[in-house]
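Asks: Quick one: this structure, given as structure tokens, is what I'll be asking you about.
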Amino acid sequence: MEALLGWQVAMASGPNMMAPVCLVENNIGQLSVNQEALEILDKISQPVVVVAIVGLYRTGKSYLMNRLSGQNHGFPLGSMVQSETKGIWMWCVPHPSKPNHTLVLLDTKGLGDVEKGNPKIDSWIFALAVLLCSSFVYNSMSTIDHQALEQLHYVTKLTELIRAKSSPIPEGIHDSTEFVSFFPDFIWTVRDFTLELKLNGLRITEDEYLENALKLIPGKKPKAQTSNLPRECIRHFFPKRKCFVFDQPTSDKKLLANIEKVTETQLDQKFQEQTKNFCSYIFTQARPKTLREGISITGKRLGTLVVTYVDAINSGAVPCLENAVTTLAQLENSAAMEKAAAHYSEQMAQRVRLPTDTLQELLDLHAACERQAIEIFMENSFKDENQEFQKKLVELLNDKKECFLLQNEEASAKYCQDKLDELSMVLTESITAGTSSVPGGHKFYLETKERVAQDYWQVPRKGVKANEVFQRFLELQAAIEKSILQSDKALTDGQKAIAAG
């Protein structure tokens, strides 16, 4: 009950979907993923609890999912014979009892719909529901008997429709034992249940009723073996199982036909209690979706899984968990690498003042920003086997460092040249004015050049090109100095000759 009340509070902080959208659409035997649904999932960075419901059409699946969403309507119910749900519909709501989690509800196309039915597509829808969810609800009518188990024949084909590993499997060996590590919990909901929960005259629980129905029929006759196959598959693939039985919501056919418009008080009291018990169990016991090795699935990751699995189906392949994890890793590690590289560039741009006084100053800043970038990568990456993406990141950061080194050299060269041009202006002006073209002009020139040098070396933060630029300045002045020296010598010699004469 607390979980049900919590739904209203949680609504303020989670995804705000007012109605479900189609996630996987069945278009004439071809499955496609709805872009709108992917955009919704892409914005959900929280871990997700994914509940999928599967069952024959017209068994009231959508009603239960609407109740889990906290609404009376949303998933199409429809009162006609045709099944309203095509493919898989999705509704994301804030989780009512798990803070910072999103509850993702998946309502599947009614299996066995004679009008829209396609046995192959039905099997894929069933397999997709199993692959995507953390709690798998199978919904049926009346009782769990031989017919109900036969209708669950899709479970016997899971080994043909799903693979755990991408590598070829040796003949005679199945990787079905791997399935248990990532398959969802199994919940069987039985609608319009009219039997008494008794076995051999003793009262039994709903769970005991399910386990009794799943007991293997003794004998080795083909009929017994055929009947046992779905039982064996459920027992093997879904070790955690739960059962809920529901009375008929109401005996009034008109109310049943428009159940989404009926208030709770108009429904049978026992049905109300059973629905609340079911919802409470889902809210408190349904686990967040994970893959093998405890990989947590967010809304964004769930979207990647959907696309990966549907692409595999459409290409004629079998959805493979290992390939899906590889795709997830590549996408997320690429994104983590981009995020880390962007942080490095941003931090370097903020912290580096070009030109740096020394090369070491720039290298130290690079090392500090590189450490931060690698930390960000580690926080956002997963399953980076052999540090493939981390090595790529280090290479990328090294390339960026080389760019900064080049920029630093260019900035230093320009700054030093500008300063020298400014400081040597007095020298240039004296030469132009002819101040140096007098006897003793060479000495005046040398004194002026020395002052320029002293002032230049007093300028702070000239950077790595300071000496190179100054040497180039001296080389340019060498020819001028030689000319002034020759002129000075000639003038001085002339004065001496006049004085001697």
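Simple scheme: letters A, B, ... for chains in structure tokens order, numbers from 1 for residues in each chain, numbers from 1 for ligands in the order shown.
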I'd like the contact shell of range 338-347 of chain A - 12 Å cut-off, only C-alpha atoms, skipping same-chain residues fewer than 4 positions apart - returned as a PyMOL selection string.
Replies: chain A and resi 331-334+351-353+365-381+389-390+392-401+403-404
Asks: If you keep C-alpha atoms, can you produce a file of those selected residues as a PDB file, in the first residue's frame?
Replies:
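Listing of again07.pdb after writing:
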ATOM      1  CA  LEU A 331      29.081   2.966 -27.523  1.00  0.00           C
ATOM      2  CA  GLU A 332      29.606   3.878 -23.886  1.00  0.00           C
ATOM      3  CA  ASN A 333      33.395   3.730 -23.968  1.00  0.00           C
ATOM      4  CA  SER A 334      33.432   5.913 -27.098  1.00  0.00           C
ATOM      5  CA  ARG A 351      44.320  26.786 -16.910  1.00  0.00           C
ATOM      6  CA  VAL A 352      47.047  27.304 -19.524  1.00  0.00           C
ATOM      7  CA  ARG A 353      48.268  30.849 -20.040  1.00  0.00           C
ATOM      8  CA  LEU A 365      49.461  21.190 -16.510  1.00  0.00           C
ATOM      9  CA  HIS A 366      49.021  18.530 -19.185  1.00  0.00           C
ATOM     10  CA  ALA A 367      49.752  15.749 -16.669  1.00  0.00           C
ATOM     11  CA  ALA A 368      47.228  17.148 -14.168  1.00  0.00           C
ATOM     12  CA  CYS A 369      44.482  17.529 -16.796  1.00  0.00           C
ATOM     13  CA  GLU A 370      45.298  14.102 -18.251  1.00  0.00           C
ATOM     14  CA  ARG A 371      44.838  12.513 -14.797  1.00  0.00           C
ATOM     15  CA  GLN A 372      41.427  14.176 -14.441  1.00  0.00           C
ATOM     16  CA  ALA A 373      40.421  13.063 -17.945  1.00  0.00           C
ATOM     17  CA  ILE A 374      41.383   9.444 -17.247  1.00  0.00           C
ATOM     18  CA  GLU A 375      39.415   9.545 -13.958  1.00  0.00           C
ATOM     19  CA  ILE A 376      36.341  10.778 -15.865  1.00  0.00           C
ATOM     20  CA  PHE A 377      36.826   8.042 -18.448  1.00  0.00           C
ATOM     21  CA  MET A 378      37.066   5.380 -15.720  1.00  0.00           C
ATOM     22  CA  GLU A 379      33.865   6.678 -14.094  1.00  0.00           C
ATOM     23  CA  ASN A 380      31.905   6.525 -17.361  1.00  0.00           C
ATOM     24  CA  SER A 381      33.384   3.477 -19.097  1.00  0.00           C
ATOM     25  CA  PHE A 389      39.599   2.700 -25.243  1.00  0.00           C
ATOM     26  CA  GLN A 390      41.769   4.016 -22.406  1.00  0.00           C
ATOM     27  CA  LYS A 392      43.047   5.407 -27.433  1.00  0.00           C
ATOM     28  CA  LEU A 393      42.236   8.201 -24.975  1.00  0.00           C
ATOM     29  CA  VAL A 394      45.892   8.531 -23.915  1.00  0.00           C
ATOM     30  CA  GLU A 395      46.905   8.717 -27.606  1.00  0.00           C
ATOM     31  CA  LEU A 396      44.241  11.356 -28.235  1.00  0.00           C
ATOM     32  CA  LEU A 397      45.383  13.396 -25.222  1.00  0.00           C
ATOM     33  CA  ASN A 398      48.985  13.116 -26.380  1.00  0.00           C
ATOM     34  CA  ASP A 399      47.951  14.531 -29.788  1.00  0.00           C
ATOM     35  CA  LYS A 400      46.175  17.367 -27.997  1.00  0.00           C
ATOM     36  CA  LYS A 401      49.298  17.954 -25.873  1.00  0.00           C
ATOM     37  CA  CYS A 403      48.970  20.880 -30.337  1.00  0.00           C
ATOM     38  CA  PHE A 404      49.345  22.831 -27.090  1.00  0.00           C
TER      39      PHE A 404
END
Asks: If we count only C-alpha atoms and set the cut-off at 10 Å, which residues sit around Lys157 in chain A, ignoring sequence neighbours fewer than 4 positions away in its own chain? Please answer as a list in words.
Replies: Ser123, Trp124, Phe126, Ala127, His153, Leu161, Ile162, Pro230 and Cys233 of chain A
Asks: Give me the residues within 12 Å of Gln417 in chain A as an MDAnalysis selection string, counting only C-alpha atoms and dropping any in the same chain fewer than 2 places off.
Replies: chainID A and resid 410:415 419:424 456 459 462:463 465:473
Asks: Just want the 10 Å neighbourhood of range 42-45 of chain A, counted on only C-alpha atoms, with same-chain residues fewer than 4 positions away dropped. Output as an mmCIF file with N, CA, C and O atoms, in the first residue's frame.
Replies:
data_model
loop_
_atom_site.group_PDB
_atom_site.id
_atom_site.type_symbol
_atom_site.label_atom_id
_atom_site.label_comp_id
_atom_site.auth_asym_id
_atom_site.auth_seq_id
_atom_site.Cartn_x
_atom_site.Cartn_y
_atom_site.Cartn_z
ATOM 1 N N GLY A 14 10.803 11.856 -11.657
ATOM 2 C CA GLY A 14 11.238 10.932 -12.704
ATOM 3 C C GLY A 14 10.749 11.342 -14.070
ATOM 4 O O GLY A 14 10.320 12.473 -14.288
ATOM 5 N N PRO A 15 10.820 10.434 -15.037
ATOM 6 C CA PRO A 15 10.347 10.728 -16.394
ATOM 7 C C PRO A 15 8.857 11.038 -16.388
ATOM 8 O O PRO A 15 8.090 10.419 -15.661
ATOM 9 N N GLU A 36 10.856 7.791 -31.285
ATOM 10 C CA GLU A 36 10.346 8.584 -30.153
ATOM 11 C C GLU A 36 10.618 7.868 -28.838
ATOM 12 O O GLU A 36 11.034 8.483 -27.844
ATOM 13 N N ALA A 37 10.402 6.565 -28.818
ATOM 14 C CA ALA A 37 10.645 5.778 -27.603
ATOM 15 C C ALA A 37 12.128 5.784 -27.251
ATOM 16 O O ALA A 37 12.508 5.890 -26.073
ATOM 17 N N LEU A 38 12.990 5.672 -28.263
ATOM 18 C CA LEU A 38 14.442 5.690 -28.020
ATOM 19 C C LEU A 38 14.884 7.030 -27.434
ATOM 20 O O LEU A 38 15.754 7.076 -26.556
ATOM 21 N N CYS A 92 7.289 4.658 -19.229
ATOM 22 C CA CYS A 92 8.313 4.889 -18.207
ATOM 23 C C CYS A 92 7.745 5.829 -17.148
ATOM 24 O O CYS A 92 7.297 6.931 -17.470
ATOM 25 N N ASN A 100 15.461 7.219 -7.254
ATOM 26 C CA ASN A 100 16.443 7.322 -8.348
ATOM 27 C C ASN A 100 16.427 6.110 -9.283
ATOM 28 O O ASN A 100 17.448 5.751 -9.865
ATOM 29 N N HIS A 101 15.281 5.466 -9.386
ATOM 30 C CA HIS A 101 15.086 4.381 -10.347
ATOM 31 C C HIS A 101 13.853 4.711 -11.190
ATOM 32 O O HIS A 101 12.943 5.406 -10.742
ATOM 33 N N THR A 102 13.842 4.189 -12.405
ATOM 34 C CA THR A 102 12.682 4.360 -13.288
ATOM 35 C C THR A 102 12.029 3.004 -13.523
ATOM 36 O O THR A 102 12.728 2.012 -13.742
ATOM 37 N N ILE A 297 21.631 -1.659 -15.954
ATOM 38 C CA ILE A 297 21.016 -1.136 -17.182
ATOM 39 C C ILE A 297 20.243 0.142 -16.862
ATOM 40 O O ILE A 297 19.359 0.158 -16.012
ATOM 41 N N THR A 298 20.611 1.209 -17.553
ATOM 42 C CA THR A 298 19.894 2.486 -17.467
ATOM 43 C C THR A 298 18.908 2.554 -18.642
ATOM 44 O O THR A 298 18.904 1.676 -19.507
ATOM 45 N N GLY A 299 18.113 3.614 -18.672
ATOM 46 C CA GLY A 299 17.210 3.784 -19.803
ATOM 47 C C GLY A 299 17.974 3.867 -21.113
ATOM 48 O O GLY A 299 17.582 3.267 -22.116
ATOM 49 N N LYS A 300 19.075 4.606 -21.095
ATOM 50 C CA LYS A 300 19.904 4.768 -22.299
ATOM 51 C C LYS A 300 20.423 3.416 -22.771
ATOM 52 O O LYS A 300 20.387 3.094 -23.958
ATOM 53 N N ARG A 301 20.904 2.608 -21.839
ATOM 54 C CA ARG A 301 21.426 1.285 -22.199
ATOM 55 C C ARG A 301 20.311 0.369 -22.696
ATOM 56 O O ARG A 301 20.522 -0.437 -23.607
ATOM 57 N N LEU A 302 19.137 0.501 -22.101
ATOM 58 C CA LEU A 302 18.007 -0.318 -22.540
ATOM 59 C C LEU A 302 17.682 -0.023 -24.003
ATOM 60 O O LEU A 302 17.393 -0.935 -24.786
ATOM 61 N N GLY A 303 17.735 1.258 -24.375
ATOM 62 C CA GLY A 303 17.495 1.638 -25.763
ATOM 63 C C GLY A 303 18.499 0.989 -26.707
ATOM 64 O O GLY A 303 18.142 0.508 -27.786
ATOM 65 N N THR A 304 19.764 0.944 -26.281
ATOM 66 C CA THR A 304 20.807 0.294 -27.091
ATOM 67 C C THR A 304 20.514 -1.195 -27.249
ATOM 68 O O THR A 304 20.669 -1.759 -28.344
#
Asks: Select from range 241-413 of chain A everything DSSP, run on the backbone, classes as strand (DSSP E), then give the selection as a count of residues only.
Replies: 5
